[in-house]
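K.L.:
Structure supplied as input_32.cif; contents: mmCIF, C-alpha atoms.
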data_entry
loop_
_atom_site.group_PDB
_atom_site.id
_atom_site.type_symbol
_atom_site.label_atom_id
_atom_site.label_comp_id
_atom_site.auth_asym_id
_atom_site.auth_seq_id
_atom_site.Cartn_x
_atom_site.Cartn_y
_atom_site.Cartn_z
ATOM 1 C CA GLN A 1 -13.118 -15.017 4.100
ATOM 2 C CA VAL A 2 -10.737 -12.501 2.550
ATOM 3 C CA GLN A 3 -9.556 -9.859 4.967
ATOM 4 C CA LEU A 4 -6.948 -7.100 4.710
ATOM 5 C CA VAL A 5 -5.874 -5.079 7.728
ATOM 6 C CA GLU A 6 -3.584 -2.078 7.292
ATOM 7 C CA SER A 7 -1.531 -0.586 10.080
ATOM 8 C CA GLY A 8 1.438 1.696 10.618
ATOM 9 C CA GLY A 9 -0.020 5.045 9.677
ATOM 10 C CA GLY A 10 0.491 8.146 11.766
ATOM 11 C CA VAL A 11 1.805 11.671 11.831
ATOM 12 C CA VAL A 12 5.351 12.271 10.624
ATOM 13 C CA GLN A 13 7.336 15.360 9.722
ATOM 14 C CA VAL A 14 8.429 16.222 6.198
ATOM 15 C CA GLY A 15 11.471 14.139 5.338
ATOM 16 C CA GLY A 16 10.547 11.407 7.774
ATOM 17 C CA SER A 17 9.811 7.730 7.235
ATOM 18 C CA LEU A 18 7.024 5.275 7.953
ATOM 19 C CA GLN A 19 6.363 1.615 7.285
ATOM 20 C CA LEU A 20 2.839 0.508 6.501
ATOM 21 C CA SER A 21 1.764 -3.104 6.898
ATOM 22 C CA CYS A 22 -1.091 -5.051 5.367
ATOM 23 C CA ALA A 23 -1.934 -8.322 7.059
ATOM 24 C CA ALA A 24 -3.860 -10.644 4.755
ATOM 25 C CA SER A 25 -6.044 -13.587 5.671
ATOM 26 C CA GLY A 26 -8.353 -15.928 3.785
ATOM 27 C CA PHE A 27 -5.951 -16.253 0.850
ATOM 28 C CA ARG A 28 -2.230 -16.515 0.138
ATOM 29 C CA ILE A 29 -0.497 -13.349 -1.064
ATOM 30 C CA ILE A 30 2.111 -15.391 -2.940
ATOM 31 C CA PHE A 31 -0.560 -16.161 -5.557
ATOM 32 C CA THR A 32 -2.115 -12.708 -5.631
ATOM 33 C CA PRO A 33 -1.271 -9.317 -7.137
ATOM 34 C CA MET A 34 -1.207 -6.854 -4.256
ATOM 35 C CA THR A 35 -1.338 -3.089 -4.516
ATOM 36 C CA TRP A 36 -1.063 -0.061 -2.273
ATOM 37 C CA TYR A 37 -3.399 2.821 -3.113
ATOM 38 C CA ARG A 38 -3.956 6.168 -1.461
ATOM 39 C CA GLN A 39 -6.759 8.677 -1.406
ATOM 40 C CA THR A 40 -7.235 12.253 -0.285
ATOM 41 C CA PRO A 41 -10.604 13.972 0.201
ATOM 42 C CA GLY A 42 -12.262 14.902 -3.060
ATOM 43 C CA LYS A 43 -9.853 12.903 -5.179
ATOM 44 C CA GLU A 44 -9.947 9.457 -6.721
ATOM 45 C CA ARG A 45 -8.006 6.641 -5.202
ATOM 46 C CA GLU A 46 -4.593 6.414 -6.880
ATOM 47 C CA LEU A 47 -2.156 3.554 -7.282
ATOM 48 C CA VAL A 48 1.009 3.933 -5.230
ATOM 49 C CA ALA A 49 2.841 0.639 -5.723
ATOM 50 C CA MET A 50 1.993 -2.814 -7.025
ATOM 51 C CA MET A 51 3.586 -6.158 -6.190
ATOM 52 C CA PRO A 52 2.789 -8.805 -8.838
ATOM 53 C CA SER A 53 2.029 -12.322 -7.641
ATOM 54 C CA ASP A 54 5.424 -13.548 -8.857
ATOM 55 C CA GLY A 55 7.166 -10.811 -6.882
ATOM 56 C CA GLY A 56 8.775 -9.536 -10.053
ATOM 57 C CA GLY A 57 8.422 -6.249 -11.918
ATOM 58 C CA ARG A 58 6.763 -3.774 -9.613
ATOM 59 C CA ILE A 59 4.738 -0.797 -10.677
ATOM 60 C CA TRP A 60 5.153 2.609 -9.072
ATOM 61 C CA ALA A 61 3.476 5.948 -9.180
ATOM 62 C CA ASP A 62 5.969 8.458 -10.568
ATOM 63 C CA SER A 63 5.509 10.611 -7.495
ATOM 64 C CA VAL A 64 6.931 7.940 -5.159
ATOM 65 C CA LYS A 65 9.679 6.366 -7.265
ATOM 66 C CA GLY A 66 12.950 6.253 -5.390
ATOM 67 C CA ARG A 67 11.269 7.060 -2.075
ATOM 68 C CA PHE A 68 8.870 4.169 -1.443
ATOM 69 C CA THR A 69 9.576 0.434 -1.428
ATOM 70 C CA VAL A 70 7.017 -2.367 -1.544
ATOM 71 C CA SER A 71 7.844 -5.776 -0.134
ATOM 72 C CA ARG A 72 6.127 -8.837 1.224
ATOM 73 C CA ASP A 73 6.670 -11.541 3.808
ATOM 74 C CA ILE A 74 5.250 -14.796 2.479
ATOM 75 C CA GLY A 75 5.465 -16.501 5.864
ATOM 76 C CA ALA A 76 3.595 -13.676 7.566
ATOM 77 C CA ASN A 77 1.234 -13.353 4.593
ATOM 78 C CA SER A 78 1.769 -9.608 4.740
ATOM 79 C CA LEU A 79 2.550 -6.743 2.396
ATOM 80 C CA TYR A 80 4.610 -3.709 3.388
ATOM 81 C CA LEU A 81 5.176 -0.197 2.140
ATOM 82 C CA ASP A 82 8.341 1.523 3.300
ATOM 83 C CA MET A 83 8.044 5.243 2.799
ATOM 84 C CA THR A 84 11.037 7.565 3.090
ATOM 85 C CA ASP A 85 11.639 11.250 2.433
ATOM 86 C CA LEU A 86 7.966 11.877 2.995
ATOM 87 C CA LYS A 87 6.416 15.016 1.544
ATOM 88 C CA SER A 88 3.291 16.899 2.517
ATOM 89 C CA GLU A 89 1.623 15.673 -0.674
ATOM 90 C CA ASP A 90 1.977 12.090 0.585
ATOM 91 C CA THR A 91 -0.686 12.842 3.173
ATOM 92 C CA ALA A 92 -3.574 10.475 2.471
ATOM 93 C CA VAL A 93 -5.416 7.394 3.597
ATOM 94 C CA TYR A 94 -3.454 4.387 2.360
ATOM 95 C CA TYR A 95 -5.287 1.226 1.333
ATOM 96 C CA CYS A 96 -4.151 -2.298 0.633
ATOM 97 C CA ASN A 97 -5.772 -4.069 -2.312
ATOM 98 C CA ALA A 98 -5.881 -7.694 -3.417
ATOM 99 C CA ARG A 99 -7.269 -8.768 -6.770
ATOM 100 C CA ILE A 100 -8.626 -12.301 -6.529
ATOM 101 C CA GLY A 101 -10.563 -13.967 -9.316
ATOM 102 C CA GLY A 102 -11.269 -10.606 -10.918
ATOM 103 C CA ASN A 103 -12.651 -9.158 -7.679
ATOM 104 C CA ASP A 104 -11.067 -6.337 -5.707
ATOM 105 C CA TYR A 105 -10.735 -6.588 -1.954
ATOM 106 C CA TRP A 106 -9.807 -3.622 0.243
ATOM 107 C CA GLY A 107 -8.680 -2.977 3.749
ATOM 108 C CA GLN A 108 -10.109 -0.248 5.941
ATOM 109 C CA GLY A 109 -7.180 2.087 5.271
ATOM 110 C CA THR A 110 -4.604 3.769 7.463
ATOM 111 C CA GLN A 111 -4.102 7.525 7.692
ATOM 112 C CA VAL A 112 -0.707 9.023 6.933
ATOM 113 C CA THR A 113 -0.253 12.697 7.742
ATOM 114 C CA VAL A 114 2.966 14.477 6.813
ATOM 115 C CA SER A 115 3.374 17.756 8.646
ATOM 116 C CA SER A 116 5.751 20.591 7.825
#
Could you rewrite the structure in this file as structure tokens?
P.N.:
Amino acid sequence: QVQLVESGGGVVQVGGSLQLSCAASGFRIIFTPMTWYRQTPGKERELVAMMPSDGGGRIWADSVKGRFTVSRDIGANSLYLDMTDLKSEDTAVYYCNARIGGNDYWGQGTQVTVSS
């Protein structure tokens, strides 16, 4: 059974940093494209950062380039999002996504609130 569990969200001041984690089970992330998305009320979910299955060329939202880093730990079967220089507009619920066999799987999300 595929399961994704995000953690690491919280309240941080503008300019601060946070690391989000996504623990995966039921599949191996080394074979799977993994993506971080975020969503704010009334808006569509938007892609933040994607890690291809080969760990190569990553895809970023323009708004986070140079500030966020996506990485993975194959042994821990986990995906990470390191966020620095956080801005108020980064406030959102962050979701981990895995695309397996053409199907999308989602975690429950973790709230990130950036306060000024």
K.L.:
Identify all residues satisfying the PyMOL selection byres ((chain A and resi 10-27) around 8) in the given file; provide them as a ChimeraX atom specification.
P.N.:
/A:1-9,28-29,76-88,96,110-116
K.L.:
Specify the axis-aligned box that encloses all atoms of stretch 27-34 of chain A listed in the file after padding of 8 Å on each side, stating its centre and edge lengths in Å to one decimal as JSON.
P.N.:
{"center_x": -1.9, "center_y": -11.7, "center_z": -3.1, "size_x": 24.1, "size_y": 25.7, "size_z": 24.0}
K.L.:
Please enumerate the residues selected by the PyMOL selection byres ((chain A and resi 63) around 12) when evaluated against the supplied file, formatted as a list in words.
P.N.:
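Residues picked by the PyMOL selection byres ((chain A and resi 63) around 12): Glu46, Leu47, Val48, Ala49, Ile59, Trp60, Ala61, Asp62, Val64, Lys65, Gly66, Arg67, Phe68, Met83, Asp85, Leu86, Lys87, Glu89 and Asp90 of chain A.
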K.L.:
In Å, how far is it from atom CA of A:Pro33 to atom CA of A:Tyr95?
P.N.:
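So the answer is 14.1 Å.
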K.L.:
May I ask which of the residues A:Gln108, A:Ser53, A:Thr91, A:Thr40 is the closest one to A:Ile74, counting only C-alpha atoms?
P.N.:
A:Ser53
K.L.:
Enter the distance from atom CA of A:Val93 to atom CA of A:Arg45, in Å, rounded to one decimal.
P.N.:
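Answer for the atom CA of A:Val93 to atom CA of A:Arg45 separation: 9.2 Å.
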K.L.:
When you draw a straight line from atom CA of A:Val70 to atom CA of A:Thr35, how long is it in Å?
P.N.:
8.9 Å
K.L.:
Using all atoms listed in the file, which residue out of A:Gly109, A:Ser71, A:Glu44, A:Gly101 lies closest to A:Gly57?
P.N.:
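Counting all atoms listed in the file, the residue closest to A:Gly57 is A:Ser71.
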K.L.:
Taking into account all atoms listed in the file, which residue in the set A:Arg38, A:Asp104, A:Phe31, A:Gly75 is nearest to A:Gly55?
P.N.:
A:Phe31
K.L.:
Measuring atom to atom with all atoms listed in the file, identify which of A:Trp106, A:Asp73, A:Arg99, A:Tyr94 is nearest to A:Tyr37.
P.N.:
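Closest residue, counting all atoms listed in the file: A:Tyr94.
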